[in-house]
$ cat run_33.cif   # mmCIF, C-alpha atoms
data_work
loop_
_atom_site.label_atom_id
_atom_site.label_comp_id
_atom_site.auth_asym_id
_atom_site.auth_seq_id
_atom_site.Cartn_x
_atom_site.Cartn_y
_atom_site.Cartn_z
CA MET A 1 -156.75 57.22 134.09
CA SER A 2 -160.27 57.93 132.82
CA GLN A 3 -161.93 55.81 130.16
CA THR A 4 -161.74 58.62 127.60
CA LYS A 5 -158.02 59.09 128.16
CA THR A 6 -157.47 55.33 128.08
CA LEU A 7 -159.20 55.13 124.69
CA LYS A 8 -157.04 57.97 123.34
CA VAL A 9 -153.88 56.24 124.56
CA ARG A 10 -154.87 52.92 122.96
CA VAL A 11 -155.66 54.52 119.61
CA THR A 12 -152.36 56.40 119.71
CA LEU A 13 -150.43 53.26 120.60
CA PHE A 14 -152.05 51.43 117.68
CA CYS A 15 -150.88 54.17 115.28
CA ILE A 16 -147.41 53.97 116.80
CA LEU A 17 -147.42 50.17 116.37
CA VAL A 18 -148.15 50.63 112.66
CA GLY A 19 -145.27 53.11 112.51
CA ILE A 20 -142.95 50.60 114.19
CA VAL A 21 -143.81 47.92 111.64
CA LEU A 22 -143.27 50.33 108.73
CA ALA A 23 -139.94 51.47 110.20
CA MET A 24 -138.72 47.89 110.55
CA VAL A 25 -139.77 47.06 106.98
CA ALA A 26 -138.01 50.17 105.64
CA VAL A 27 -134.76 49.48 107.49
CA VAL A 28 -134.39 45.82 106.50
CA THR A 29 -135.47 46.10 102.83
CA ASP A 30 -133.50 47.44 99.87
CA HIS A 31 -136.08 49.23 97.72
CA TRP A 32 -135.42 52.80 98.83
CA ALA A 33 -134.33 54.04 95.40
CA VAL A 34 -134.22 52.61 91.88
CA LEU A 35 -131.48 53.79 89.47
CA SER A 36 -131.57 53.53 85.70
CA PRO A 37 -128.76 54.14 83.15
CA GLN A 38 -129.19 55.45 79.64
CA VAL A 39 -129.78 52.78 77.00
CA GLU A 40 -127.89 53.24 73.73
CA HIS A 41 -128.90 50.03 71.94
CA HIS A 42 -132.40 48.85 72.68
CA SER A 43 -131.74 45.31 71.50
CA ALA A 44 -129.07 44.87 74.16
CA THR A 45 -129.36 44.32 77.90
CA CYS A 46 -129.12 47.09 80.47
CA GLU A 47 -128.41 46.99 84.16
CA ALA A 48 -130.74 48.78 86.59
CA ALA A 49 -130.21 48.87 90.33
CA HIS A 50 -132.14 49.33 93.54
CA PHE A 51 -130.63 49.75 96.98
CA GLY A 52 -131.39 50.39 100.62
CA LEU A 53 -129.38 51.12 103.73
CA TRP A 54 -127.33 47.92 103.71
CA ARG A 55 -127.07 46.44 100.22
CA ILE A 56 -127.53 47.06 96.52
CA CYS A 57 -129.15 44.82 93.91
CA THR A 58 -128.51 44.97 90.18
CA LYS A 59 -130.69 43.46 87.51
CA ARG A 60 -129.89 42.76 83.84
CA ILE A 61 -132.94 43.57 81.74
CA VAL A 62 -133.45 42.99 78.02
CA MET A 63 -134.88 46.14 76.42
CA ARG A 64 -137.47 45.69 73.68
CA ASP A 65 -139.20 49.08 73.60
CA SER A 66 -137.35 51.34 71.14
CA LYS A 67 -139.09 54.46 72.46
CA ASP A 68 -137.76 54.13 75.98
CA LYS A 69 -134.23 55.44 76.53
CA SER A 70 -133.99 54.34 80.14
CA CYS A 71 -133.51 50.91 81.60
CA GLY A 72 -136.48 49.34 83.21
CA PRO A 73 -138.86 49.15 84.82
CA ILE A 74 -137.14 47.19 87.53
CA THR A 75 -140.09 44.78 87.72
CA LEU A 76 -139.21 43.26 84.33
CA PRO A 77 -137.69 39.75 84.47
CA GLY A 78 -133.94 39.51 84.46
CA GLU A 79 -130.85 38.19 86.19
CA LYS A 80 -130.61 39.66 89.69
CA ASN A 81 -127.50 40.00 91.82
CA CYS A 82 -127.48 41.46 95.35
CA SER A 83 -124.52 42.26 97.58
CA TYR A 84 -123.95 44.15 100.81
CA PHE A 85 -122.01 47.38 100.64
CA ARG A 86 -118.27 46.87 100.90
CA HIS A 87 -117.95 49.10 103.99
CA PHE A 88 -120.41 46.83 105.82
CA ASN A 89 -119.01 43.52 104.55
CA PRO A 90 -115.46 43.66 103.10
CA GLY A 91 -115.88 40.23 101.53
CA GLU A 92 -118.73 41.36 99.29
CA SER A 93 -118.33 43.02 95.90
CA SER A 94 -120.23 46.30 95.49
CA GLU A 95 -118.21 48.28 92.98
CA ILE A 96 -121.29 49.98 91.55
CA PHE A 97 -122.10 51.70 94.78
CA GLU A 98 -118.47 52.47 95.58
CA PHE A 99 -118.05 54.41 92.35
CA THR A 100 -121.41 56.14 92.28
CA THR A 101 -121.73 57.69 95.71
CA GLN A 102 -119.74 58.53 98.79
CA LYS A 103 -119.78 55.78 101.36
CA GLU A 104 -120.11 58.38 104.13
CA TYR A 105 -123.71 58.93 103.09
CA SER A 106 -124.51 55.23 103.33
CA ILE A 107 -122.79 54.81 106.68
CA SER A 108 -124.51 57.89 108.11
CA ALA A 109 -127.98 56.83 106.95
CA ALA A 110 -127.51 53.30 108.33
CA ALA A 111 -126.12 54.54 111.67
CA ILE A 112 -129.01 56.97 112.16
CA ALA A 113 -131.47 54.18 111.32
CA ILE A 114 -129.88 52.03 114.04
CA PHE A 115 -130.39 54.86 116.55
CA SER A 116 -134.02 54.97 115.45
CA LEU A 117 -134.44 51.27 116.19
CA ILE A 118 -132.81 51.72 119.61
CA PHE A 119 -135.30 54.47 120.45
CA LEU A 120 -138.13 52.19 119.30
CA ILE A 121 -136.97 49.42 121.62
CA LEU A 122 -136.64 51.80 124.59
CA GLY A 123 -140.07 53.28 123.93
CA THR A 124 -141.67 49.83 123.71
CA ILE A 125 -140.03 48.77 126.99
CA PHE A 126 -141.44 51.83 128.77
CA VAL A 127 -144.90 51.19 127.30
CA LEU A 128 -144.88 47.59 128.54
CA LEU A 129 -143.78 48.74 131.99
CA SER A 130 -146.57 51.33 132.05
CA PHE A 131 -149.20 48.58 132.01
CA GLY A 132 -148.51 48.02 135.71
CA LYS A 133 -150.68 49.58 138.37
CA LYS A 134 -150.19 53.36 138.75
CA ARG A 135 -147.37 53.48 136.19
CA ASP A 136 -149.06 55.71 133.63
CA TYR A 137 -146.26 58.23 134.01
CA LEU A 138 -143.96 55.89 132.07
CA LEU A 139 -145.92 56.70 128.92
CA ARG A 140 -144.32 60.15 128.86
CA PRO A 141 -140.71 59.02 128.36
CA ALA A 142 -142.00 56.35 125.96
CA SER A 143 -143.67 59.05 123.86
CA MET A 144 -140.42 61.01 123.67
CA PHE A 145 -138.49 57.93 122.55
CA TYR A 146 -141.02 57.34 119.77
CA ALA A 147 -140.81 60.96 118.66
CA PHE A 148 -136.99 60.79 118.64
CA SER A 149 -137.19 57.59 116.60
CA GLY A 150 -139.37 59.32 114.03
CA LEU A 151 -136.91 62.20 113.79
CA CYS A 152 -134.02 59.77 113.25
CA ILE A 153 -135.91 58.09 110.42
CA PHE A 154 -136.53 61.50 108.85
CA VAL A 155 -132.83 62.35 109.00
CA SER A 156 -131.93 58.95 107.53
CA VAL A 157 -134.39 59.52 104.68
CA GLU A 158 -132.94 62.95 103.97
CA VAL A 159 -129.34 61.66 103.98
CA LEU A 160 -130.21 58.92 101.50
CA ARG A 161 -132.15 61.38 99.34
CA GLN A 162 -129.12 63.66 99.13
CA SER A 163 -126.97 60.64 98.28
CA VAL A 164 -129.21 59.76 95.33
CA LYS A 165 -129.19 63.35 94.08
CA ARG A 166 -125.40 63.45 94.13
CA MET A 167 -125.24 60.18 92.22
CA ILE A 168 -127.50 61.49 89.46
CA ALA A 169 -125.73 64.86 89.28
CA SER A 170 -122.23 63.34 89.11
CA GLU A 171 -120.59 63.06 85.69
CA ASP A 172 -118.74 59.92 86.79
CA THR A 173 -121.88 57.80 87.00
CA VAL A 174 -123.99 56.03 84.39
CA TRP A 175 -127.27 56.74 86.14
CA ILE A 176 -129.57 59.24 84.44
CA GLU A 177 -132.92 58.52 86.08
CA TYR A 178 -134.13 57.52 89.50
CA TYR A 179 -137.25 57.19 91.56
CA TYR A 180 -137.99 56.33 95.17
CA SER A 181 -139.59 52.97 95.78
CA TRP A 182 -141.82 51.38 98.42
CA SER A 183 -139.19 51.10 101.16
CA PHE A 184 -138.71 54.86 100.96
CA ALA A 185 -142.50 55.32 101.24
CA CYS A 186 -142.55 53.05 104.31
CA ALA A 187 -139.84 55.17 105.94
CA CYS A 188 -141.72 58.41 105.27
CA ALA A 189 -144.97 56.97 106.64
CA ALA A 190 -143.12 55.64 109.70
CA PHE A 191 -141.70 59.12 110.38
CA VAL A 192 -145.17 60.69 110.32
CA LEU A 193 -146.78 58.02 112.51
CA LEU A 194 -143.97 57.83 115.07
CA PHE A 195 -143.33 61.55 115.42
CA LEU A 196 -146.97 62.65 115.54
CA GLY A 197 -147.93 59.55 117.52
CA GLY A 198 -145.22 60.28 120.08
CA LEU A 199 -146.45 63.85 120.53
CA ALA A 200 -150.07 62.68 120.77
CA LEU A 201 -149.12 60.04 123.35
CA LEU A 202 -147.29 62.68 125.40
CA LEU A 203 -150.35 64.95 125.41
CA ALA A 204 -152.72 62.09 126.22
CA SER A 205 -150.59 60.86 129.14
CA LEU A 206 -150.19 64.24 130.81
CA PRO A 207 -152.27 64.76 133.96
CA ARG A 208 -155.27 67.05 133.71
CA MET A 209 -154.42 70.60 134.61
CA PRO A 210 -156.58 72.21 137.34
CA ARG A 211 -159.27 74.50 135.97
CA ASN A 212 -158.76 77.08 138.70
CA PRO A 213 -156.03 77.77 141.27
CA TRP A 214 -157.92 76.30 144.23
CA GLU A 215 -159.16 73.11 142.57
CA SER A 216 -156.19 71.03 143.76
CA CYS A 217 -156.72 72.15 147.35
CA MET A 218 -160.42 71.31 147.22
CA ASP A 219 -159.74 67.85 145.77
CA SER A 220 -157.11 66.94 148.36
CA GLU A 221 -157.81 64.50 151.14
CA PRO A 222 -159.05 66.13 154.37
CA GLU A 223 -156.65 66.09 157.28
CA HIS A 224 -157.59 64.02 160.34
#

$ encode --input "run_33.cif" --output "structure tokens"
Amino acid sequence: MSQTKTLKVRVTLFCILVGIVLAMVAVVTDHWAVLSPQVEHHSATCEAAHFGLWRICTKRIVMRDSKDKSCGPITLPGEKNCSYFRHFNPGESSEIFEFTTQKEYSISAAAIAIFSLIFLILGTIFVLLSFGKKRDYLLRPASMFYAFSGLCIFVSVEVLRQSVKRMIASEDTVWIEYYYSWSFACACAAFVLLFLGGLALLLASLPRMPRNPWESCMDSEPEH
């Protein structure tokens, strides 16, 4: 592999590494979306929530601003209570999530995220194996695994986004406002870096195509 191609591969792998870190942070944290109910009495407390793929956290906040009809922001001090979703841990209590969205959305998003992590592990294994002598060809399957991982993250993001929309649109819920938080941003950035990085790594690892039909014959070793 030439020095120019080696430099391109290293830069691409660095971008993919950043995408891997962002994907891991997004999957294990619970700040994908923040939900806020309507506040009727501003002197009372309200309960906002933020959740991720595995658990939901609620926070009791004392409202003091009479102009604001929503609960929050979530960064205000208050009593915080986190629990894993009931379909992941039957011993935990997560009634809020059970009543405000379909658990199929949560299970689907989490399962697809797990597939994304599996693709990340496989891609990293192939990259480590490619460091051996004359094993550059292993970068090609690694690039495909990274691209597949990025696609899985995108699907997981879209499933969770649809889940939040259904929660807000449902008349059976107390939530009236929502916004996507930093875990969601990490997932979106991971999708871009892994998918585009995987395609760039595939192009960088491909052998150079001959410029004319007889170039390969001219470059071959002479017969003795």

$ closest_residue --input "run_33.cif" --among "A:Thr124, A:Trp182, A:Leu202, A:Met144" --to "Leu17 of chain A" --atoms "only C-alpha atoms"
A:Thr124

$ resolve_selection --input "run_33.cif" --expression "the PyMOL selection byres ((chain A and resi 149) around 8)" --output "list in words"
Phe115, Ser116, Leu117, Ile118, Phe119, Leu120, Phe145, Tyr146, Ala147, Phe148, Gly150, Leu151, Cys152, Ile153, Phe191, Leu194 and Phe195 of chain A

$ residues_around --input "run_33.cif" --residues "Val21 of chain A" --least-positions-apart "4" --cutoff "12 Å" --atoms "all atoms listed in the file" --output "ChimeraX atom specification"
/A:14-17,25-28,117,120,183,186-187,189-191,193-194

$ atom_distance --input "run_33.cif" --atom1 "atom CA of Leu199 of chain A" --atom2 "atom CA of Arg161 of chain A"
25.7 Å

$ atom_distance --input "run_33.cif" --atom1 "atom CA of Met167 of chain A" --atom2 "atom CA of Tyr179 of chain A"
12.4 Å

$ axis_aligned_box --input "run_33.cif" --around "segment 114-130 of chain A" --padding-each-side "4 Å" --output "JSON"
{"center_x": -138.2, "center_y": 51.3, "center_z": 123.0, "size_x": 24.7, "size_y": 15.4, "size_z": 26.0}

$ atom_distance --input "run_33.cif" --atom1 "atom CA of Lys165 of chain A" --atom2 "atom CA of Leu53 of chain A"
15.6 Å

$ closest_residue --input "run_33.cif" --among "A:Ile112, A:Asp30, A:Thr6, A:Leu206" --to "Leu138 of chain A" --atoms "all atoms listed in the file"
A:Leu206

$ closest_residue --input "run_33.cif" --among "A:Lys133, A:Arg10, A:His31, A:Arg60" --to "Leu201 of chain A" --atoms "all atoms listed in the file"
A:Arg10

$ residues_around --input "run_33.cif" --residues "Pro207 of chain A" --least-positions-apart "6" --cutoff "12 Å" --atoms "all atoms listed in the file" --output "mmCIF file with C-alpha atoms, in the frame of the given file"
data_model
loop_
_atom_site.group_PDB
_atom_site.id
_atom_site.type_symbol
_atom_site.label_atom_id
_atom_site.label_comp_id
_atom_site.auth_asym_id
_atom_site.auth_seq_id
_atom_site.Cartn_x
_atom_site.Cartn_y
_atom_site.Cartn_z
ATOM 1 C CA MET A 1 -156.750 57.220 134.090
ATOM 2 C CA SER A 2 -160.270 57.930 132.820
ATOM 3 C CA LYS A 5 -158.020 59.090 128.160
ATOM 4 C CA ASP A 136 -149.060 55.710 133.630
ATOM 5 C CA TYR A 137 -146.260 58.230 134.010
ATOM 6 C CA LEU A 139 -145.920 56.700 128.920
ATOM 7 C CA ARG A 140 -144.320 60.150 128.860
#

$ resolve_selection --input "run_33.cif" --expression "the PyMOL selection byres ((chain A and resi 156) around 8)" --output "list in words"
Ser108, Ala109, Ala110, Ile112, Ala113, Cys152, Ile153, Phe154, Val155, Val157, Glu158, Val159 and Leu160 of chain A

$ resolve_selection --input "run_33.cif" --expression "the PyMOL selection byres ((chain A and resi 36) around 6)" --output "ChimeraX atom specification"
/A:35,37,48,71,175,177

$ write_last_selection --input "run_33.cif" --atoms "C-alpha atoms" --output "compact mmCIF listing (two decimals), keeping the file's coordinate frame"
# COMPACT_ATOMS: atom_id res chain seq x y z
CA LEU A 35 -131.48 53.79 89.47
CA PRO A 37 -128.76 54.14 83.15
CA ALA A 48 -130.74 48.78 86.59
CA CYS A 71 -133.51 50.91 81.60
CA TRP A 175 -127.27 56.74 86.14
CA GLU A 177 -132.92 58.52 86.08

$ decode --input "run_33.cif" --residues "segment 2-52 of chain A" --atoms "N, CA and C atoms" --output "tab-separated table (two decimals), in the first residue's frame"
chain	number	residue	atom	x	y	z
A	2	SER	N	0.60	2.19	-0.89
A	2	SER	CA	1.41	3.39	-1.00
A	2	SER	C	1.23	4.28	0.22
A	3	GLN	N	2.14	5.24	0.36
A	3	GLN	CA	2.07	6.14	1.51
A	3	GLN	C	0.82	7.01	1.47
A	4	THR	N	0.44	7.44	0.27
A	4	THR	CA	-0.77	8.26	0.14
A	4	THR	C	-2.01	7.49	0.55
A	5	LYS	N	-2.10	6.24	0.08
A	5	LYS	CA	-3.26	5.43	0.45
A	5	LYS	C	-3.24	5.08	1.93
A	6	THR	N	-2.06	4.86	2.49
A	6	THR	CA	-1.95	4.58	3.92
A	6	THR	C	-2.44	5.76	4.75
A	7	LEU	N	-2.09	6.98	4.33
A	7	LEU	CA	-2.54	8.18	5.03
A	7	LEU	C	-4.06	8.31	4.96
A	8	LYS	N	-4.64	8.04	3.80
A	8	LYS	CA	-6.09	8.11	3.65
A	8	LYS	C	-6.79	7.10	4.56
A	9	VAL	N	-6.22	5.90	4.63
A	9	VAL	CA	-6.82	4.86	5.48
A	9	VAL	C	-6.75	5.26	6.95
A	10	ARG	N	-5.63	5.82	7.38
A	10	ARG	CA	-5.48	6.21	8.78
A	10	ARG	C	-6.44	7.33	9.15
A	11	VAL	N	-6.59	8.32	8.27
A	11	VAL	CA	-7.53	9.41	8.54
A	11	VAL	C	-8.95	8.88	8.62
A	12	THR	N	-9.29	7.97	7.71
A	12	THR	CA	-10.63	7.38	7.70
A	12	THR	C	-10.88	6.57	8.96
A	13	LEU	N	-9.89	5.80	9.38
A	13	LEU	CA	-10.03	5.00	10.59
A	13	LEU	C	-10.18	5.88	11.82
A	14	PHE	N	-9.52	7.03	11.83
A	14	PHE	CA	-9.69	7.95	12.96
A	14	PHE	C	-11.12	8.47	13.03
A	15	CYS	N	-11.69	8.83	11.88
A	15	CYS	CA	-13.08	9.29	11.84
A	15	CYS	C	-14.03	8.18	12.29
A	16	ILE	N	-13.73	6.95	11.87
A	16	ILE	CA	-14.56	5.82	12.29
A	16	ILE	C	-14.44	5.59	13.79
A	17	LEU	N	-13.24	5.76	14.33
A	17	LEU	CA	-13.04	5.61	15.79
A	17	LEU	C	-13.89	6.62	16.56
A	18	VAL	N	-13.94	7.86	16.07
A	18	VAL	CA	-14.80	8.86	16.71
A	18	VAL	C	-16.26	8.43	16.63
A	19	GLY	N	-16.66	7.88	15.48
A	19	GLY	CA	-18.02	7.38	15.34
A	19	GLY	C	-18.33	6.24	16.28
A	20	ILE	N	-17.36	5.36	16.51
A	20	ILE	CA	-17.55	4.24	17.44
A	20	ILE	C	-17.79	4.77	18.85
A	21	VAL	N	-16.97	5.74	19.27
A	21	VAL	CA	-17.13	6.30	20.61
A	21	VAL	C	-18.50	6.96	20.76
A	22	LEU	N	-18.92	7.72	19.76
A	22	LEU	CA	-20.22	8.39	19.82
A	22	LEU	C	-21.36	7.36	19.86
A	23	ALA	N	-21.22	6.29	19.08
A	23	ALA	CA	-22.25	5.25	19.08
A	23	ALA	C	-22.36	4.58	20.44
A	24	MET	N	-21.23	4.28	21.06
A	24	MET	CA	-21.25	3.67	22.39
A	24	MET	C	-21.89	4.59	23.42
A	25	VAL	N	-21.54	5.88	23.36
A	25	VAL	CA	-22.12	6.85	24.30
A	25	VAL	C	-23.63	6.93	24.10
A	26	ALA	N	-24.08	6.97	22.85
A	26	ALA	CA	-25.51	7.08	22.57
A	26	ALA	C	-26.28	5.86	23.07
A	27	VAL	N	-25.72	4.68	22.89
A	27	VAL	CA	-26.44	3.46	23.25
A	27	VAL	C	-26.57	3.30	24.77
A	28	VAL	N	-25.55	3.68	25.51
A	28	VAL	CA	-25.56	3.41	26.96
A	28	VAL	C	-26.16	4.55	27.78
A	29	THR	N	-26.41	5.71	27.18
A	29	THR	CA	-26.96	6.84	27.93
A	29	THR	C	-28.47	6.95	27.70
A	30	ASP	N	-29.12	7.76	28.51
A	30	ASP	CA	-30.58	7.85	28.47
A	30	ASP	C	-31.07	9.29	28.28
A	31	HIS	N	-30.39	10.04	27.43
A	31	HIS	CA	-30.81	11.41	27.12
A	31	HIS	C	-31.12	11.54	25.63
A	32	TRP	N	-31.88	10.59	25.10
A	32	TRP	CA	-32.29	10.66	23.70
A	32	TRP	C	-33.39	11.70	23.53
A	33	ALA	N	-34.39	11.66	24.40
A	33	ALA	CA	-35.52	12.60	24.29
A	33	ALA	C	-35.93	13.06	25.68
A	34	VAL	N	-36.39	14.30	25.76
A	34	VAL	CA	-36.88	14.88	27.00
A	34	VAL	C	-38.36	15.21	26.81
A	35	LEU	N	-39.20	14.77	27.73
A	35	LEU	CA	-40.65	14.95	27.65
A	35	LEU	C	-41.11	15.88	28.76
A	36	SER	N	-42.07	16.73	28.43
A	36	SER	CA	-42.56	17.72	29.40
A	36	SER	C	-44.08	17.74	29.38
A	37	PRO	N	-44.74	17.66	30.55
A	37	PRO	CA	-46.20	17.77	30.62
A	37	PRO	C	-46.63	19.23	30.74
A	38	GLN	N	-47.92	19.45	30.60
A	38	GLN	CA	-48.45	20.80	30.79
A	38	GLN	C	-48.58	21.10	32.27
A	39	VAL	N	-48.23	22.32	32.65
A	39	VAL	CA	-48.27	22.73	34.05
A	39	VAL	C	-49.51	23.60	34.27
A	40	GLU	N	-50.38	23.15	35.17
A	40	GLU	CA	-51.60	23.90	35.47
A	40	GLU	C	-51.37	24.94	36.56
A	41	HIS	N	-50.68	24.54	37.63
A	41	HIS	CA	-50.41	25.43	38.75
A	41	HIS	C	-48.90	25.61	38.86
A	42	HIS	N	-48.47	26.81	38.68
A	42	HIS	CA	-47.03	27.08	38.59
A	42	HIS	C	-46.35	27.07	39.95
A	43	SER	N	-47.13	27.07	41.02
A	43	SER	CA	-46.52	26.99	42.35
A	43	SER	C	-46.28	25.55	42.77
A	44	ALA	N	-46.83	24.61	41.99
A	44	ALA	CA	-46.70	23.20	42.33
A	44	ALA	C	-45.49	22.59	41.61
A	45	THR	N	-45.25	21.31	41.89
A	45	THR	CA	-44.18	20.60	41.21
A	45	THR	C	-44.71	19.90	39.96
A	46	CYS	N	-43.85	19.71	39.01
A	46	CYS	CA	-44.19	18.97	37.80
A	46	CYS	C	-43.15	17.88	37.60
A	47	GLU	N	-43.47	16.94	36.76
A	47	GLU	CA	-42.59	15.79	36.56
A	47	GLU	C	-42.23	15.67	35.10
A	48	ALA	N	-40.99	16.01	34.76
A	48	ALA	CA	-40.46	15.85	33.41
A	48	ALA	C	-39.73	14.51	33.33
A	49	ALA	N	-39.45	14.09	32.12
A	49	ALA	CA	-38.80	12.78	31.94
A	49	ALA	C	-37.83	12.84	30.77
A	50	HIS	N	-36.80	12.05	30.87
A	50	HIS	CA	-35.90	11.81	29.73
A	50	HIS	C	-35.60	10.32	29.68
A	51	PHE	N	-35.43	9.80	28.49
A	51	PHE	CA	-35.24	8.36	28.35
A	51	PHE	C	-34.33	8.05	27.18
A	52	GLY	N	-33.83	6.81	27.19
A	52	GLY	CA	-32.99	6.31	26.11
A	52	GLY	C	-33.51	4.98	25.62
